[in-house]
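Next comes my_file24.txt, with compact mmCIF, C-alpha atoms.
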```txt
# COMPACT_ATOMS: atom_id res chain seq x y z
CA MET A 1 0.00 0.00 0.00
CA ASN A 2 1.42 3.36 -1.03
CA ILE A 3 1.12 6.32 1.36
CA ALA A 4 1.22 9.76 -0.26
CA VAL A 5 1.16 12.80 2.02
CA LYS A 6 0.56 16.54 1.82
CA ASN A 7 1.13 18.99 4.67
CA ILE A 8 -1.32 21.84 5.20
CA THR A 9 -1.39 24.55 7.86
CA LEU A 10 -4.50 25.12 9.97
CA ASN A 11 -4.34 27.95 12.52
CA ASN A 12 -0.53 27.74 12.55
CA GLU A 13 -0.56 23.99 13.12
CA VAL A 14 0.72 21.48 10.56
CA PHE A 15 -1.57 18.61 9.60
CA THR A 16 -0.57 15.86 7.20
CA LEU A 17 -3.24 14.66 4.78
CA THR A 18 -2.86 11.19 3.29
CA ASN A 19 -4.20 9.40 0.26
CA GLN A 20 -5.42 6.73 2.69
CA ARG A 21 -8.35 8.87 3.87
CA ALA A 22 -6.81 9.97 7.17
CA ALA A 23 -4.89 12.94 8.57
CA PHE A 24 -2.08 13.16 11.11
CA TRP A 25 -1.49 15.98 13.60
CA LYS A 26 2.21 15.73 14.39
CA LYS A 27 2.25 18.04 17.43
CA GLU A 28 -0.43 15.94 19.17
CA LYS A 29 0.77 12.64 17.66
CA ALA A 30 -2.84 12.06 16.63
CA LEU A 31 -4.12 9.96 13.74
CA ILE A 32 -7.49 11.43 12.71
CA LEU A 33 -10.18 9.87 10.57
CA SER A 34 -13.94 9.64 10.22
CA ASP A 35 -16.73 7.34 9.08
CA LEU A 36 -15.32 3.84 9.40
CA HIS A 37 -18.83 2.38 9.55
CA ILE A 38 -17.63 -0.81 11.21
CA GLY A 39 -20.34 -3.46 10.92
CA LYS A 40 -21.84 -2.22 7.67
CA THR A 41 -20.99 -5.37 5.73
CA ALA A 42 -22.28 -7.62 8.54
CA HIS A 43 -25.48 -5.55 8.62
CA PHE A 44 -25.99 -6.11 4.89
CA ARG A 45 -25.31 -9.83 5.23
CA LYS A 46 -27.83 -10.06 8.07
CA ASN A 47 -30.41 -8.53 5.74
CA GLY A 48 -29.78 -11.02 2.95
CA ILE A 49 -27.24 -9.11 0.85
CA ALA A 50 -24.13 -11.21 0.32
CA LEU A 51 -21.01 -9.12 0.95
CA ALA A 52 -17.54 -10.40 1.78
CA ASN A 53 -16.10 -9.22 5.07
CA GLN A 54 -12.85 -8.59 3.19
CA ILE A 55 -14.12 -5.01 2.75
CA MET A 56 -13.72 -4.28 6.45
CA LYS A 57 -10.51 -6.28 6.71
CA SER A 58 -9.04 -4.07 4.00
CA ASP A 59 -9.99 -0.93 5.97
CA LEU A 60 -8.33 -2.32 9.11
CA GLU A 61 -5.21 -3.30 7.20
CA ARG A 62 -4.93 0.28 5.92
CA LEU A 63 -5.33 1.52 9.49
CA SER A 64 -2.53 -0.74 10.69
CA VAL A 65 -0.21 0.55 7.97
CA LEU A 66 -0.99 4.15 8.94
CA ILE A 67 -0.29 3.39 12.61
CA GLU A 68 3.03 1.82 11.71
CA TYR A 69 3.88 4.78 9.44
CA PHE A 70 3.01 7.64 11.83
CA GLN A 71 3.45 5.94 15.23
CA PRO A 72 0.59 7.93 16.80
CA GLU A 73 -0.23 8.12 20.49
CA LYS A 74 -3.86 9.14 19.88
CA PHE A 75 -6.44 7.67 17.53
CA ILE A 76 -9.34 10.09 16.97
CA VAL A 77 -12.46 8.93 15.12
CA VAL A 78 -14.64 11.91 14.19
CA GLY A 79 -17.93 10.05 14.22
CA ASP A 80 -19.58 6.98 12.73
CA LEU A 81 -17.10 4.47 14.03
CA LEU A 82 -19.99 2.00 13.84
CA HIS A 83 -22.78 1.54 11.34
CA ALA A 84 -25.54 -0.47 13.01
CA GLY A 85 -24.68 -1.26 16.60
CA ASP A 86 -23.01 -4.50 17.70
CA ASN A 87 -22.40 -7.41 15.32
CA SER A 88 -19.68 -9.83 14.19
CA ASP A 89 -17.71 -7.10 12.41
CA VAL A 90 -17.48 -5.18 15.69
CA ASP A 91 -15.94 -8.28 17.29
CA GLU A 92 -13.29 -8.30 14.58
CA PHE A 93 -12.64 -4.60 15.05
CA CYS A 94 -12.16 -5.14 18.80
CA ARG A 95 -9.63 -7.90 18.14
CA TRP A 96 -7.79 -5.50 15.85
CA ARG A 97 -7.97 -2.72 18.47
CA ASN A 98 -6.43 -4.99 21.12
CA GLN A 99 -3.21 -5.10 19.12
CA TYR A 100 -2.59 -1.48 20.16
CA PRO A 101 -3.16 -1.32 23.93
CA ASP A 102 -1.05 1.85 24.34
CA LEU A 103 -2.94 3.80 21.65
CA GLN A 104 -5.40 6.24 23.23
CA PHE A 105 -8.75 5.78 21.49
CA TYR A 106 -11.03 8.85 21.21
CA LEU A 107 -14.53 8.61 19.75
CA VAL A 108 -16.48 11.70 18.78
CA GLU A 109 -19.97 10.31 18.45
CA GLY A 110 -21.69 10.36 15.07
CA ASN A 111 -25.29 9.73 14.10
CA HIS A 112 -24.62 5.98 13.70
CA ASP A 113 -22.80 5.56 17.02
CA ARG A 114 -25.55 4.18 19.22
CA LEU A 115 -23.50 2.68 22.04
CA SER A 116 -24.85 0.78 25.00
CA ALA A 117 -22.72 0.70 28.14
CA LYS A 118 -21.78 -2.89 27.29
CA LEU A 119 -20.71 -1.99 23.76
CA GLU A 120 -18.77 1.07 24.95
CA LYS A 121 -16.78 -1.13 27.33
CA LYS A 122 -16.21 -3.71 24.61
CA LEU A 123 -14.69 -1.09 22.30
CA CYS A 124 -12.04 -0.14 24.91
CA LEU A 125 -12.59 3.60 24.46
CA ASN A 126 -10.47 6.09 26.38
CA PHE A 127 -12.82 8.98 25.55
CA LYS A 128 -16.35 9.34 24.17
CA SER A 129 -18.33 12.53 23.67
CA GLU A 130 -20.29 14.51 21.09
CA LEU A 131 -17.31 16.80 20.63
CA LEU A 132 -13.65 16.99 21.57
CA THR A 133 -11.57 20.18 21.81
CA ILE A 134 -7.76 20.07 21.77
CA ASN A 135 -5.66 23.26 21.66
CA GLY A 136 -8.29 25.34 19.88
CA PHE A 137 -9.47 22.64 17.45
CA THR A 138 -12.91 21.12 17.90
CA PHE A 139 -13.59 17.65 16.58
CA ILE A 140 -17.27 17.15 15.82
CA HIS A 141 -19.04 14.78 13.43
CA ASP A 142 -21.10 17.39 11.57
CA PHE A 143 -20.24 21.09 11.26
CA ASP A 144 -21.88 23.31 13.89
CA LYS A 145 -22.36 26.96 12.89
CA THR A 146 -22.74 28.01 16.54
CA LEU A 147 -19.18 27.06 17.48
CA ALA A 148 -16.37 29.59 17.24
CA GLU A 149 -13.43 27.16 17.14
CA PHE A 150 -11.91 25.66 14.01
CA GLN A 151 -13.77 22.40 13.40
CA ILE A 152 -12.51 19.07 12.10
CA THR A 153 -15.54 17.14 10.85
CA GLY A 154 -16.78 14.14 8.88
CA HIS A 155 -20.31 12.88 8.14
CA ILE A 156 -20.68 14.09 4.55
CA HIS A 157 -18.33 11.62 2.79
CA PRO A 158 -17.09 14.42 0.48
CA GLY A 159 -16.16 13.81 -3.12
CA VAL A 160 -15.54 15.68 -6.35
CA VAL A 161 -16.32 14.98 -9.99
CA LEU A 162 -13.47 15.29 -12.46
CA ASN A 163 -14.16 15.38 -16.17
CA SER A 164 -11.88 13.38 -18.43
CA SER A 165 -12.00 12.91 -22.19
CA VAL A 166 -13.60 9.52 -21.63
CA LYS A 167 -15.93 9.87 -18.62
CA LYS A 168 -16.63 11.64 -15.37
CA ILE A 169 -14.58 10.37 -12.44
CA ARG A 170 -15.79 10.62 -8.84
CA LEU A 171 -13.04 10.75 -6.21
CA PRO A 172 -13.03 11.24 -2.42
CA CYS A 173 -11.40 14.36 -1.02
CA PHE A 174 -10.56 16.54 1.95
CA VAL A 175 -12.10 20.03 2.02
CA GLN A 176 -10.38 22.94 3.82
CA THR A 177 -12.15 26.24 4.51
CA GLN A 178 -11.38 29.14 6.81
CA ASN A 179 -12.96 27.40 9.80
CA GLN A 180 -13.27 23.72 8.86
CA LEU A 181 -11.38 20.66 7.69
CA LEU A 182 -13.84 18.13 6.31
CA LEU A 183 -12.48 14.58 6.27
CA PRO A 184 -13.29 11.93 3.68
CA ALA A 185 -14.99 8.73 4.80
CA PHE A 186 -12.25 6.33 5.83
CA SER A 187 -14.13 3.21 4.77
CA GLU A 188 -13.98 2.51 1.07
CA PHE A 189 -17.46 0.98 1.33
CA THR A 190 -19.26 4.34 1.38
CA GLY A 191 -20.89 6.61 -1.15
CA LEU A 192 -19.62 10.08 -2.08
CA ASP A 193 -21.49 13.37 -1.69
CA THR A 194 -20.37 15.78 -4.39
CA LYS A 195 -23.06 18.39 -3.76
CA ASN A 196 -23.47 19.17 -0.05
CA ILE A 197 -19.89 20.17 0.62
CA PRO A 198 -18.56 23.50 1.97
CA LYS A 199 -18.35 26.33 -0.54
CA GLY A 200 -15.24 28.34 -1.32
CA GLY A 201 -12.78 25.84 0.08
CA LYS A 202 -9.67 24.06 -1.10
CA PHE A 203 -10.17 20.51 -2.31
CA PHE A 204 -7.49 17.90 -1.78
CA VAL A 205 -8.28 15.01 -4.10
CA PHE A 206 -6.33 11.79 -3.83
CA THR A 207 -5.62 8.71 -5.85
CA ASP A 208 -3.64 5.60 -5.00
CA ALA A 209 -0.41 7.43 -5.77
CA GLU A 210 -0.75 11.13 -4.92
CA ILE A 211 -2.78 14.08 -3.59
CA HIS A 212 -3.82 17.01 -5.78
CA GLU A 213 -5.05 20.41 -4.63
CA ILE A 214 -7.79 21.81 -6.84
```
Taking this structure as input, can you express it in the form of structure tokens?
Amino acid sequence: MNIAVKNITLNNEVFTLTNQRAAFWKKEKALILSDLHIGKTAHFRKNGIALANQIMKSDLERLSVLIEYFQPEKFIVVGDLLHAGDNSDVDEFCRWRNQYPDLQFYLVEGNHDRLSAKLEKKLCLNFKSELLTINGFTFIHDFDKTLAEFQITGHIHPGVVLNSSVKKIRLPCFVQTQNQLLLPAFSEFTGLDTKNIPKGGKFFVFTDAEIHEI
């Protein structure tokens, strides 16, 4: 798996964007991502739609490579860690999580994160809340116009449409505005929203090999 990176500056802090749908905040040693939707494939299988669990395994393998690459101390999920509560995919995620007992696990709750006390304990979370603020940056699943701090968000699964001579290509992206960094969905098993994304921002579009600013 190739990791391409691009550094950007947000409020005088350097963040590293990657082509693997995650960002790294070097000063805080924090790996940041959103919308893993763990359990989505198991949910589909339960409802009669045959999907291989290799989809989730691939997401977790990418996560492991990013952890090895950046050596983070914090792992911040900006909402929608889960997709549909507890199921067999969550068990697999927990086994993966237990490989990294020293990694502090922060969950900013998203609209899919309906956690019982039992499930919260099972996930081995170090922190869970609707928002998290660190050194002037607020992590929240969906952008909140009432907050003054710079927000790092997810939820939308942002994407852009690029026109080629052959066809239109839809690609995931990061979006940076004056007061927001919108993260792509980390899971590759998600749709893309190319319409409801922040206006007037910078778009960082990535492929398997590189990141382009458009």
If we count only C-alpha atoms and set the cut-off at 9 Å, which residues sit around Glu213 (chain A), ignoring sequence neighbours fewer than 4 positions away in its own chain? Please answer as a PDB file with C-alpha atoms, in the coordinates of the input.
```
ATOM      1  CA  LYS A 202      -9.670  24.060  -1.100  1.00  0.00           C
ATOM      2  CA  PHE A 203     -10.170  20.510  -2.310  1.00  0.00           C
ATOM      3  CA  PHE A 204      -7.490  17.900  -1.780  1.00  0.00           C
ATOM      4  CA  VAL A 205      -8.280  15.010  -4.100  1.00  0.00           C
ATOM      5  CA  PHE A 206      -6.330  11.790  -3.830  1.00  0.00           C
TER       6      PHE A 206
END
```
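CA of Ala117 (chain A) lies 25.6 Å from CA of Ala30 (chain A).
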Checklist line | Nearest residue to Leu162 (chain A) from the set A:Phe150, A:Ile214, A:Phe127, A:Gly136 (distances using only C-alpha atoms) | finding: A:Ile214
Notebook entry, point to check: Can you list, as a list of chain:residue names, every protein, DNA or RNA residue that comes within 10 Å of region 187-192 of chain A when you count all atoms listed in the file, leaving out same-chain residues fewer than 3 positions away?
Noted result: A:Gln20, A:Arg21, A:Leu33, A:Ser34, A:Asp35, A:Leu36, A:His37, A:Ile38, A:Lys40, A:Thr41, A:Ile55, A:Met56, A:Ser58, A:Asp59, A:Leu60, A:Arg62, A:Leu81, A:Ile156, A:His157, A:Pro158, A:Gly159, A:Val160, A:Val161, A:Arg170, A:Leu171, A:Pro172, A:Cys173, A:Pro184, A:Lys195
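Counting all atoms listed in the file and comparing A:Val65, A:Phe75, A:Thr138, A:Cys94, the residue that lies closest to Asn2 (chain A) is A:Val65.
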Item checked: Atom pair CA of Glu109 (chain A) / CA of Gly79 (chain A): separation (Å) ->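 Those two atoms sit 4.7 Å apart.
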Note to self: Please compute the CA of Glu210 (chain A)-CA of Phe143 (chain A) distance, one decimal, in Å.
What the structure shows: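 Separating CA of Glu210 (chain A) from CA of Phe143 (chain A) is a distance of 27.2 Å.
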Check: Between A:Glu68, A:Glu120, A:Glu61, A:Asp80, which is the closest to Thr153 (chain A) once you count only C-alpha atoms?
Finding: A:Asp80
